[in-house]
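Pasted below: my_file-v2.pdb, PDB, C-alpha atoms and all ligand atoms.
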```
ATOM      1  CA  MET A   4      -2.986 -42.788  20.702  1.00  0.00           C
ATOM      2  CA  THR A   5      -1.905 -44.983  17.807  1.00  0.00           C
ATOM      3  CA  PRO A   6      -4.395 -47.881  17.519  1.00  0.00           C
ATOM      4  CA  GLY A   7      -2.953 -51.141  18.725  1.00  0.00           C
ATOM      5  CA  THR A   8       0.013 -49.704  20.604  1.00  0.00           C
ATOM      6  CA  THR A   9      -1.480 -49.270  24.074  1.00  0.00           C
ATOM      7  CA  PRO A  10      -4.403 -51.129  25.590  1.00  0.00           C
ATOM      8  CA  ARG A  11      -7.300 -48.932  26.636  1.00  0.00           C
ATOM      9  CA  LEU A  12      -7.558 -48.461  30.366  1.00  0.00           C
ATOM     10  CA  ASP A  13     -10.841 -49.403  32.028  1.00  0.00           C
ATOM     11  CA  LEU A  14     -10.952 -45.933  33.553  1.00  0.00           C
ATOM     12  CA  VAL A  15     -13.006 -42.852  32.861  1.00  0.00           C
ATOM     13  CA  GLY A  16     -10.616 -39.912  32.610  1.00  0.00           C
ATOM     14  CA  ALA A  17     -11.798 -36.711  34.280  1.00  0.00           C
ATOM     15  CA  LEU A  18      -9.872 -33.483  33.939  1.00  0.00           C
ATOM     16  CA  THR A  19     -11.065 -30.712  36.183  1.00  0.00           C
ATOM     17  CA  ALA A  20     -10.438 -27.235  34.834  1.00  0.00           C
ATOM     18  CA  GLY A  21     -12.928 -24.930  36.492  1.00  0.00           C
ATOM     19  CA  GLY A  22     -10.579 -23.085  38.812  1.00  0.00           C
ATOM     20  CA  ARG A  23      -9.788 -19.398  38.788  1.00  0.00           C
ATOM     21  CA  SER A  24      -5.954 -19.614  38.953  1.00  0.00           C
ATOM     22  CA  ARG A  25      -5.807 -16.913  41.606  1.00  0.00           C
ATOM     23  CA  ARG A  26      -2.265 -17.786  42.667  1.00  0.00           C
ATOM     24  CA  PHE A  27      -1.046 -18.102  39.075  1.00  0.00           C
ATOM     25  CA  GLY A  28      -2.493 -14.739  38.054  1.00  0.00           C
ATOM     26  CA  THR A  29      -3.608 -15.777  34.565  1.00  0.00           C
ATOM     27  CA  ASP A  30      -5.453 -18.913  33.409  1.00  0.00           C
ATOM     28  CA  LYS A  31      -2.922 -21.639  34.215  1.00  0.00           C
ATOM     29  CA  ALA A  32      -4.751 -24.218  32.055  1.00  0.00           C
ATOM     30  CA  LEU A  33      -3.555 -22.201  29.051  1.00  0.00           C
ATOM     31  CA  ALA A  34      -0.018 -21.584  30.318  1.00  0.00           C
ATOM     32  CA  ARG A  35       2.549 -23.194  28.032  1.00  0.00           C
ATOM     33  CA  LEU A  36       5.242 -25.715  28.840  1.00  0.00           C
ATOM     34  CA  GLU A  37       7.427 -27.292  26.169  1.00  0.00           C
ATOM     35  CA  GLY A  38       5.151 -26.159  23.342  1.00  0.00           C
ATOM     36  CA  ARG A  39       1.844 -27.330  24.804  1.00  0.00           C
ATOM     37  CA  THR A  40      -0.634 -25.900  27.267  1.00  0.00           C
ATOM     38  CA  LEU A  41      -0.838 -27.447  30.732  1.00  0.00           C
ATOM     39  CA  LEU A  42      -4.384 -28.545  29.815  1.00  0.00           C
ATOM     40  CA  GLU A  43      -3.000 -30.420  26.789  1.00  0.00           C
ATOM     41  CA  HIS A  44      -0.257 -32.075  28.849  1.00  0.00           C
ATOM     42  CA  VAL A  45      -2.724 -33.493  31.354  1.00  0.00           C
ATOM     43  CA  ALA A  46      -5.250 -34.419  28.664  1.00  0.00           C
ATOM     44  CA  ALA A  47      -2.509 -36.410  26.877  1.00  0.00           C
ATOM     45  CA  SER A  48      -1.822 -38.365  30.067  1.00  0.00           C
ATOM     46  CA  LEU A  49      -5.454 -39.544  30.044  1.00  0.00           C
ATOM     47  CA  GLU A  50      -5.614 -40.435  26.365  1.00  0.00           C
ATOM     48  CA  ASP A  51      -5.865 -44.180  27.046  1.00  0.00           C
ATOM     49  CA  CYS A  52      -9.046 -43.797  29.094  1.00  0.00           C
ATOM     50  CA  ARG A  53     -12.168 -45.262  27.545  1.00  0.00           C
ATOM     51  CA  VAL A  54     -14.197 -42.051  28.069  1.00  0.00           C
ATOM     52  CA  ARG A  55     -12.832 -38.585  28.831  1.00  0.00           C
ATOM     53  CA  LEU A  56     -14.674 -35.869  30.740  1.00  0.00           C
ATOM     54  CA  LEU A  57     -13.708 -32.209  30.936  1.00  0.00           C
ATOM     55  CA  VAL A  58     -15.220 -30.712  34.092  1.00  0.00           C
ATOM     56  CA  ALA A  59     -15.262 -26.980  33.444  1.00  0.00           C
ATOM     57  CA  PRO A  60     -17.632 -24.109  32.747  1.00  0.00           C
ATOM     58  CA  PRO A  61     -19.341 -24.824  29.394  1.00  0.00           C
ATOM     59  CA  GLY A  62     -17.347 -23.588  26.412  1.00  0.00           C
ATOM     60  CA  ARG A  63     -14.307 -22.432  28.381  1.00  0.00           C
ATOM     61  CA  TYR A  64     -11.896 -24.840  26.652  1.00  0.00           C
ATOM     62  CA  PRO A  65     -12.340 -26.669  23.343  1.00  0.00           C
ATOM     63  CA  LEU A  66     -10.779 -30.115  23.766  1.00  0.00           C
ATOM     64  CA  PRO A  67     -11.573 -32.499  20.878  1.00  0.00           C
ATOM     65  CA  GLY A  68     -12.666 -35.964  21.977  1.00  0.00           C
ATOM     66  CA  TRP A  69     -13.629 -34.848  25.488  1.00  0.00           C
ATOM     67  CA  LEU A  70     -17.194 -34.706  26.801  1.00  0.00           C
ATOM     68  CA  PRO A  71     -17.952 -31.354  28.404  1.00  0.00           C
ATOM     69  CA  VAL A  72     -19.259 -31.722  31.958  1.00  0.00           C
ATOM     70  CA  PRO A  73     -20.455 -28.634  33.852  1.00  0.00           C
ATOM     71  CA  ASP A  74     -19.936 -28.424  37.601  1.00  0.00           C
ATOM     72  CA  THR A  75     -22.892 -29.666  39.622  1.00  0.00           C
ATOM     73  CA  ARG A  76     -21.942 -26.980  42.180  1.00  0.00           C
ATOM     74  CA  PRO A  77     -20.023 -24.212  40.388  1.00  0.00           C
ATOM     75  CA  ASP A  78     -17.092 -22.675  42.250  1.00  0.00           C
ATOM     76  CA  GLU A  79     -17.120 -25.302  44.995  1.00  0.00           C
ATOM     77  CA  GLY A  80     -13.586 -26.336  44.079  1.00  0.00           C
ATOM     78  CA  PRO A  81     -12.141 -29.732  43.124  1.00  0.00           C
ATOM     79  CA  LEU A  82     -14.403 -31.655  45.551  1.00  0.00           C
ATOM     80  CA  GLY A  83     -17.452 -30.299  43.701  1.00  0.00           C
ATOM     81  CA  ALA A  84     -15.765 -31.176  40.422  1.00  0.00           C
ATOM     82  CA  LEU A  85     -15.231 -34.750  41.656  1.00  0.00           C
ATOM     83  CA  GLU A  86     -18.951 -35.053  42.332  1.00  0.00           C
ATOM     84  CA  ALA A  87     -19.697 -33.869  38.770  1.00  0.00           C
ATOM     85  CA  ALA A  88     -17.134 -36.319  37.365  1.00  0.00           C
ATOM     86  CA  LEU A  89     -18.439 -39.326  39.314  1.00  0.00           C
ATOM     87  CA  LEU A  90     -22.037 -38.504  38.335  1.00  0.00           C
ATOM     88  CA  ALA A  91     -21.129 -38.142  34.658  1.00  0.00           C
ATOM     89  CA  ALA A  92     -19.046 -41.340  34.721  1.00  0.00           C
ATOM     90  CA  GLU A  93     -21.962 -43.270  36.179  1.00  0.00           C
ATOM     91  CA  ARG A  94     -24.310 -41.810  33.581  1.00  0.00           C
ATOM     92  CA  HIS A  95     -22.087 -42.538  30.588  1.00  0.00           C
ATOM     93  CA  VAL A  96     -20.413 -45.814  31.595  1.00  0.00           C
ATOM     94  CA  GLY A  97     -22.033 -47.107  34.781  1.00  0.00           C
ATOM     95  CA  PRO A  98     -20.282 -47.990  38.044  1.00  0.00           C
ATOM     96  CA  GLY A  99     -16.501 -47.985  37.833  1.00  0.00           C
ATOM     97  CA  TRP A 100     -13.254 -46.119  38.276  1.00  0.00           C
ATOM     98  CA  VAL A 101     -12.473 -42.490  37.485  1.00  0.00           C
ATOM     99  CA  ALA A 102      -8.967 -41.079  36.973  1.00  0.00           C
ATOM    100  CA  PHE A 103      -9.238 -37.574  38.429  1.00  0.00           C
ATOM    101  CA  ALA A 104      -6.685 -34.951  37.408  1.00  0.00           C
ATOM    102  CA  GLY A 105      -6.201 -31.197  37.576  1.00  0.00           C
ATOM    103  CA  VAL A 106      -4.834 -28.953  34.858  1.00  0.00           C
ATOM    104  CA  ASP A 107      -1.881 -28.099  37.065  1.00  0.00           C
ATOM    105  CA  LEU A 108      -0.212 -31.530  37.060  1.00  0.00           C
ATOM    106  CA  PRO A 109       1.578 -31.427  33.694  1.00  0.00           C
ATOM    107  CA  ARG A 110       4.000 -34.270  34.484  1.00  0.00           C
ATOM    108  CA  LEU A 111       1.278 -36.915  34.678  1.00  0.00           C
ATOM    109  CA  THR A 112       1.704 -39.595  32.005  1.00  0.00           C
ATOM    110  CA  PRO A 113      -0.250 -42.562  30.636  1.00  0.00           C
ATOM    111  CA  ALA A 114       2.204 -44.792  32.532  1.00  0.00           C
ATOM    112  CA  TYR A 115       1.288 -43.040  35.803  1.00  0.00           C
ATOM    113  CA  TRP A 116      -2.384 -43.847  35.322  1.00  0.00           C
ATOM    114  CA  ALA A 117      -1.618 -47.410  34.258  1.00  0.00           C
ATOM    115  CA  LEU A 118       0.371 -47.810  37.494  1.00  0.00           C
ATOM    116  CA  LEU A 119      -2.544 -46.597  39.606  1.00  0.00           C
ATOM    117  CA  ALA A 120      -4.971 -48.784  37.670  1.00  0.00           C
ATOM    118  CA  GLY A 121      -2.779 -51.787  38.428  1.00  0.00           C
ATOM    119  CA  ALA A 122      -2.685 -50.881  42.133  1.00  0.00           C
ATOM    120  CA  ARG A 123      -6.446 -51.114  42.629  1.00  0.00           C
ATOM    121  CA  ALA A 124      -7.110 -53.475  45.512  1.00  0.00           C
ATOM    122  CA  PRO A 125     -10.248 -55.489  46.189  1.00  0.00           C
ATOM    123  CA  GLY A 126     -12.616 -53.404  48.289  1.00  0.00           C
ATOM    124  CA  ALA A 127     -10.625 -50.181  47.971  1.00  0.00           C
ATOM    125  CA  ARG A 128     -12.560 -47.210  46.680  1.00  0.00           C
ATOM    126  CA  SER A 129      -9.663 -44.900  45.841  1.00  0.00           C
ATOM    127  CA  VAL A 130      -6.003 -45.118  44.900  1.00  0.00           C
ATOM    128  CA  LEU A 131      -3.727 -42.228  45.842  1.00  0.00           C
ATOM    129  CA  THR A 132      -0.005 -41.703  45.640  1.00  0.00           C
ATOM    130  CA  LEU A 133       2.072 -40.477  48.546  1.00  0.00           C
ATOM    131  CA  ASP A 134       4.319 -37.434  48.204  1.00  0.00           C
ATOM    132  CA  ALA A 135       7.863 -37.250  49.537  1.00  0.00           C
ATOM    133  CA  ALA A 136       6.492 -36.339  52.984  1.00  0.00           C
ATOM    134  CA  GLY A 137       4.170 -39.353  52.995  1.00  0.00           C
ATOM    135  CA  ARG A 138       0.970 -37.391  52.398  1.00  0.00           C
ATOM    136  CA  ALA A 139      -1.661 -38.939  50.137  1.00  0.00           C
ATOM    137  CA  GLN A 140      -2.295 -36.739  47.098  1.00  0.00           C
ATOM    138  CA  PRO A 141      -5.983 -36.438  46.209  1.00  0.00           C
ATOM    139  CA  LEU A 142      -5.508 -34.885  42.768  1.00  0.00           C
ATOM    140  CA  GLY A 143      -3.983 -37.295  40.288  1.00  0.00           C
ATOM    141  CA  ALA A 144      -5.835 -40.167  41.938  1.00  0.00           C
ATOM    142  CA  LEU A 145      -8.416 -42.852  41.206  1.00  0.00           C
ATOM    143  CA  TYR A 146     -11.892 -42.742  42.712  1.00  0.00           C
ATOM    144  CA  HIS A 147     -14.691 -45.301  42.383  1.00  0.00           C
ATOM    145  CA  THR A 148     -18.189 -44.086  41.560  1.00  0.00           C
ATOM    146  CA  ALA A 149     -19.353 -45.851  44.761  1.00  0.00           C
ATOM    147  CA  LEU A 150     -17.905 -42.832  46.612  1.00  0.00           C
ATOM    148  CA  LEU A 151     -20.579 -40.557  45.162  1.00  0.00           C
ATOM    149  CA  PRO A 152     -22.931 -40.526  48.199  1.00  0.00           C
ATOM    150  CA  HIS A 153     -19.935 -39.819  50.470  1.00  0.00           C
ATOM    151  CA  VAL A 154     -18.700 -36.964  48.265  1.00  0.00           C
ATOM    152  CA  SER A 155     -22.182 -35.435  47.993  1.00  0.00           C
ATOM    153  CA  ALA A 156     -22.664 -35.677  51.773  1.00  0.00           C
ATOM    154  CA  LEU A 157     -19.370 -33.836  52.336  1.00  0.00           C
ATOM    155  CA  LEU A 158     -20.432 -31.049  49.985  1.00  0.00           C
ATOM    156  CA  ASP A 159     -23.894 -30.870  51.555  1.00  0.00           C
ATOM    157  CA  ALA A 160     -22.153 -30.370  54.905  1.00  0.00           C
ATOM    158  CA  GLY A 161     -20.179 -27.429  53.500  1.00  0.00           C
ATOM    159  CA  GLU A 162     -16.907 -29.346  53.150  1.00  0.00           C
ATOM    160  CA  ARG A 163     -14.480 -28.384  50.342  1.00  0.00           C
ATOM    161  CA  ARG A 164     -11.360 -30.406  51.116  1.00  0.00           C
ATOM    162  CA  LEU A 165     -10.783 -32.882  48.310  1.00  0.00           C
ATOM    163  CA  ARG A 166      -8.605 -35.093  50.472  1.00  0.00           C
ATOM    164  CA  LEU A 167     -11.626 -36.107  52.544  1.00  0.00           C
ATOM    165  CA  ALA A 168     -13.170 -37.774  49.485  1.00  0.00           C
ATOM    166  CA  ALA A 169     -10.893 -40.765  49.929  1.00  0.00           C
ATOM    167  CA  ARG A 170     -11.871 -41.242  53.572  1.00  0.00           C
ATOM    168  CA  ASP A 171     -15.173 -43.021  53.287  1.00  0.00           C
ATOM    169  CA  PRO A 172     -15.796 -44.555  56.712  1.00  0.00           C
ATOM    170  CA  VAL A 173     -18.227 -47.078  55.273  1.00  0.00           C
ATOM    171  CA  THR A 174     -15.888 -48.650  52.760  1.00  0.00           C
ATOM    172  CA  VAL A 175     -12.308 -49.821  52.974  1.00  0.00           C
ATOM    173  CA  PRO A 176      -9.845 -46.886  53.248  1.00  0.00           C
ATOM    174  CA  TYR A 177      -7.859 -45.776  50.283  1.00  0.00           C
ATOM    175  CA  LYS A 178      -5.052 -47.728  48.785  1.00  0.00           C
ATOM    176  CA  ALA A 179      -1.892 -45.629  48.971  1.00  0.00           C
ATOM    177  CA  ILE A 180       1.030 -46.265  46.694  1.00  0.00           C
ATOM    178  CA  THR A 181       4.528 -44.967  47.091  1.00  0.00           C
ATOM    179  CA  TRP A 182       6.519 -46.082  44.116  1.00  0.00           C
ATOM    180  CA  VAL A 183       5.798 -43.084  41.902  1.00  0.00           C
ATOM    181  CA  SER A 184       8.385 -40.431  41.045  1.00  0.00           C
ATOM    182  CA  PRO A 185       7.533 -37.294  43.081  1.00  0.00           C
ATOM    183  CA  GLN A 186       8.095 -35.343  39.866  1.00  0.00           C
ATOM    184  CA  ALA A 187       4.913 -36.879  38.415  1.00  0.00           C
ATOM    185  CA  LEU A 188       2.798 -34.844  40.815  1.00  0.00           C
ATOM    186  CA  HIS A 189       4.616 -31.522  40.421  1.00  0.00           C
ATOM    187  CA  ASN A 190       1.802 -29.049  41.031  1.00  0.00           C
ATOM    188  CA  VAL A 191       1.746 -25.702  39.212  1.00  0.00           C
ATOM    189  CA  ASN A 192       0.029 -23.169  41.435  1.00  0.00           C
ATOM    190  CA  THR A 193       2.282 -20.151  40.764  1.00  0.00           C
ATOM    191  CA  PRO A 194       4.449 -18.886  37.896  1.00  0.00           C
ATOM    192  CA  ALA A 195       7.469 -19.915  40.001  1.00  0.00           C
ATOM    193  CA  ASP A 196       6.186 -23.529  40.045  1.00  0.00           C
ATOM    194  CA  LEU A 197       6.063 -23.468  36.245  1.00  0.00           C
ATOM    195  CA  ALA A 198       9.502 -21.887  35.987  1.00  0.00           C
ATOM    196  CA  ALA A 199      10.886 -24.695  38.177  1.00  0.00           C
ATOM    197  CA  LEU A 200       9.558 -27.247  35.671  1.00  0.00           C
ATOM    198  CA  GLU A 201      11.086 -25.378  32.754  1.00  0.00           C
ATOM    199  CA  ARG A 202      14.457 -25.718  34.474  1.00  0.00           C
ATOM    200  CA  THR A 203      14.032 -29.474  35.095  1.00  0.00           C
ATOM    201  CA  PRO A 204      12.582 -31.085  31.962  1.00  0.00           C
TER     202      PRO A 204
HETATM  203  N1  LIG B   1     -14.508 -27.938  37.741  1.00  0.00           N
HETATM  204  C1  LIG B   1     -13.886 -27.218  38.688  1.00  0.00           C
HETATM  205  N2  LIG B   1     -12.542 -27.317  38.826  1.00  0.00           N
HETATM  206  C2  LIG B   1     -11.938 -26.586  39.782  1.00  0.00           C
HETATM  207  C3  LIG B   1     -12.658 -25.721  40.646  1.00  0.00           C
HETATM  208  N3  LIG B   1     -11.767 -25.127  41.480  1.00  0.00           N
HETATM  209  C4  LIG B   1     -10.558 -25.596  41.156  1.00  0.00           C
HETATM  210  N4  LIG B   1     -10.647 -26.476  40.118  1.00  0.00           N
HETATM  211  C5  LIG B   1      -9.568 -27.212  39.463  1.00  0.00           C
HETATM  212  O1  LIG B   1      -8.937 -28.016  40.439  1.00  0.00           O
HETATM  213  C6  LIG B   1      -7.552 -28.130  40.157  1.00  0.00           C
HETATM  214  C7  LIG B   1      -6.723 -27.786  41.383  1.00  0.00           C
HETATM  215  O2  LIG B   1      -7.178 -26.555  41.953  1.00  0.00           O
HETATM  216  P1  LIG B   1      -6.227 -25.353  42.322  1.00  0.00           P
HETATM  217  O3  LIG B   1      -4.803 -25.740  42.264  1.00  0.00           O
HETATM  218  O4  LIG B   1      -6.707 -24.727  43.581  1.00  0.00           O
HETATM  219  O5  LIG B   1      -6.540 -24.382  41.083  1.00  0.00           O
HETATM  220  P2  LIG B   1      -7.288 -23.020  41.062  1.00  0.00           P
HETATM  221  O6  LIG B   1      -8.476 -23.042  41.947  1.00  0.00           O
HETATM  222  O7  LIG B   1      -7.494 -22.693  39.623  1.00  0.00           O
HETATM  223  O8  LIG B   1      -6.145 -22.049  41.619  1.00  0.00           O
HETATM  224  P3  LIG B   1      -6.155 -21.042  42.859  1.00  0.00           P
HETATM  225  O9  LIG B   1      -7.211 -20.040  42.550  1.00  0.00           O
HETATM  226  O10 LIG B   1      -4.779 -20.454  42.852  1.00  0.00           O
HETATM  227  O11 LIG B   1      -6.449 -21.898  44.068  1.00  0.00           O
HETATM  228  C8  LIG B   1      -7.296 -27.252  38.946  1.00  0.00           C
HETATM  229  O12 LIG B   1      -7.279 -28.073  37.811  1.00  0.00           O
HETATM  230  C9  LIG B   1      -8.496 -26.318  38.906  1.00  0.00           C
HETATM  231  O13 LIG B   1      -8.848 -25.893  37.587  1.00  0.00           O
HETATM  232  C10 LIG B   1     -14.085 -25.643  40.485  1.00  0.00           C
HETATM  233  O14 LIG B   1     -14.801 -24.930  41.191  1.00  0.00           O
HETATM  234  N5  LIG B   1     -14.638 -26.416  39.501  1.00  0.00           N
HETATM  235 MG    MG B   2      -3.161 -26.853  42.545  1.00  0.00          MG
END
```
If you convert what's in this file into structure tokens, what do you get?
Amino acid sequence: MTPGTTPRLDLVGALTAGGRSRRFGTDKALARLEGRTLLEHVAASLEDCRVRLLVAPPGRYPLPGWLPVPDTRPDEGPLGALEAALLAAERHVGPGWVAFAGVDLPRLTPAYWALLAGARAPGARSVLTLDAAGRAQPLGALYHTALLPHVSALLDAGERRLRLAARDPVTVPYKAITWVSPQALHNVNTPADLAALERTP
């Protein structure tokens, strides 16, 4: 970011990159799109965040300016990674909001995160966008560190579905927003998903 051009967001950016890319076949974080890796695309979208956390096995990806954060529960999927991110955010910054992204959302942008940051509502503990079918998308979303006990309890109970993180029965339900281009959340799970993006820049 060029100093003075964009205000820093009061968010901790967390990029989770500890998956095994089974459907993609090779490490999708390192797959290339328009001259950059998917990891670099998503990292660039979070460049305005005050602190940036890379939740991945130690040493897997060098990403200058990002704090390496190991999984608290390796191989437990994105829900485990969210726990690690919320814990690290609390440790480094204190209570507050975390922008949680995966490596497979290369169309996320700084403007996307600024939009979500602006949509935070009093009492809400997460901000998620809705896809074209009206489903709230849990990756590419904001989570408050106050959700940590809820997330840990889910994991302790054997749960792995990230979308349940936003459903904390104790606090106000998530804030859902709809005015985001569906393209922003294009998810690359397979080589065909990446090829579709190459055709529609
Ligand atoms: N830190 C961490 N990140 C994970 C873990 N599992 C998945 N992720 C990340 O979560 C995001 C979304 O997960 P998926 O789309 O399922 O990616 P994946 O697990 O690599 O791919 P599949 O094996 O095909 O499911 C990606 O950025 C993954 O790197 C994990 O155990 N730890
Ligand atoms: Mg995915």
**Q.** Nearest to ligand LIG 1 (chain B), chosen from A:Ala47, A:Ala124, A:Leu167, A:Val191, with only C-alpha atoms and all ligand atoms counted in the distances
**A.**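 Selected residue with least distance to ligand LIG 1 (chain B): A:Val191.
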Q.
Neighbours of ligand LIG 1 (chain B) at 7 Å or closer, counting all atoms listed in the file: which residues, as a PyMOL selection string?
A. chain A and resi 19-27+58-59+74+77-81+83-84+104-107+192
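With all atoms listed in the file as the atoms that count, the minimum distance from ligand MG 2 (chain B) to the choices A:Ala17, A:Leu108, A:Ala117, A:Ala91 is reached by A:Leu108.
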(Q) Between CA of Ala149 in chain A and CA of Arg128 in chain A, what distance in Å does the model show, to one decimal? (A)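 Answer for the CA of Ala149 in chain A to CA of Arg128 in chain A separation: 7.2 Å.
Shortest separation to Pro125 in chain A among A:His147, A:Asp159, A:Leu49, A:Leu12 occurs at residue A:His147, atoms counted being all atoms listed in the file.
Taking CA of Ser129 in chain A and CA of Thr193 in chain A as the two end points, the separation is 27.9 Å.
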Q: Could you tell me which residues the PyMOL selection byres (((chain A and resi 112) around 8) and not hetatm) returns for this structure, as number ranges by chain?
A: A: 45, 47-49, 110-111, 113-116, 187
Q: Using all atoms listed in the file, find the one residue out of A:Pro185, A:Pro60, A:Pro152, A:Gly143 that sits nearest to ligand MG 2 (chain B).
A: A:Gly143
Q.
Using only C-alpha atoms and all ligand atoms for the distances, tell me which of A:Ala46, A:Ala122, A:Leu188, A:Ala34 is nearest to ligand MG 2 (chain B).
A. A:Leu188
Q) Of the residues A:Thr132, A:Ser155, A:Gln140, A:Thr148, which is the one nearest to ligand MG 2 (chain B), using all atoms listed in the file? A)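 Among the listed residues, the smallest separation from ligand MG 2 (chain B) belongs to A:Gln140.
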**Q.** One-decimal distance in Å that lies between CA of Glu162 in chain A and CA of Ala120 in chain A
**A.**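 These two atoms are separated by 27.6 Å.
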Q: Might you pull out every residue within 8 Å of Glu86 in chain A, with only C-alpha atoms counted and same-chain residues fewer than 3 positions away left off, and present them as a PyMOL selection string?
A: chain A and resi 75+82-83+89-90+151+154-155
Go ahead and write the residues just picked, C-alpha atoms, as a compact mmCIF listing (two decimals), in the coordinates of the input.
```txt
# COMPACT_ATOMS: atom_id res chain seq x y z
CA THR A 75 -22.89 -29.67 39.62
CA LEU A 82 -14.40 -31.66 45.55
CA GLY A 83 -17.45 -30.30 43.70
CA LEU A 89 -18.44 -39.33 39.31
CA LEU A 90 -22.04 -38.50 38.34
CA LEU A 151 -20.58 -40.56 45.16
CA VAL A 154 -18.70 -36.96 48.26
CA SER A 155 -22.18 -35.44 47.99
```
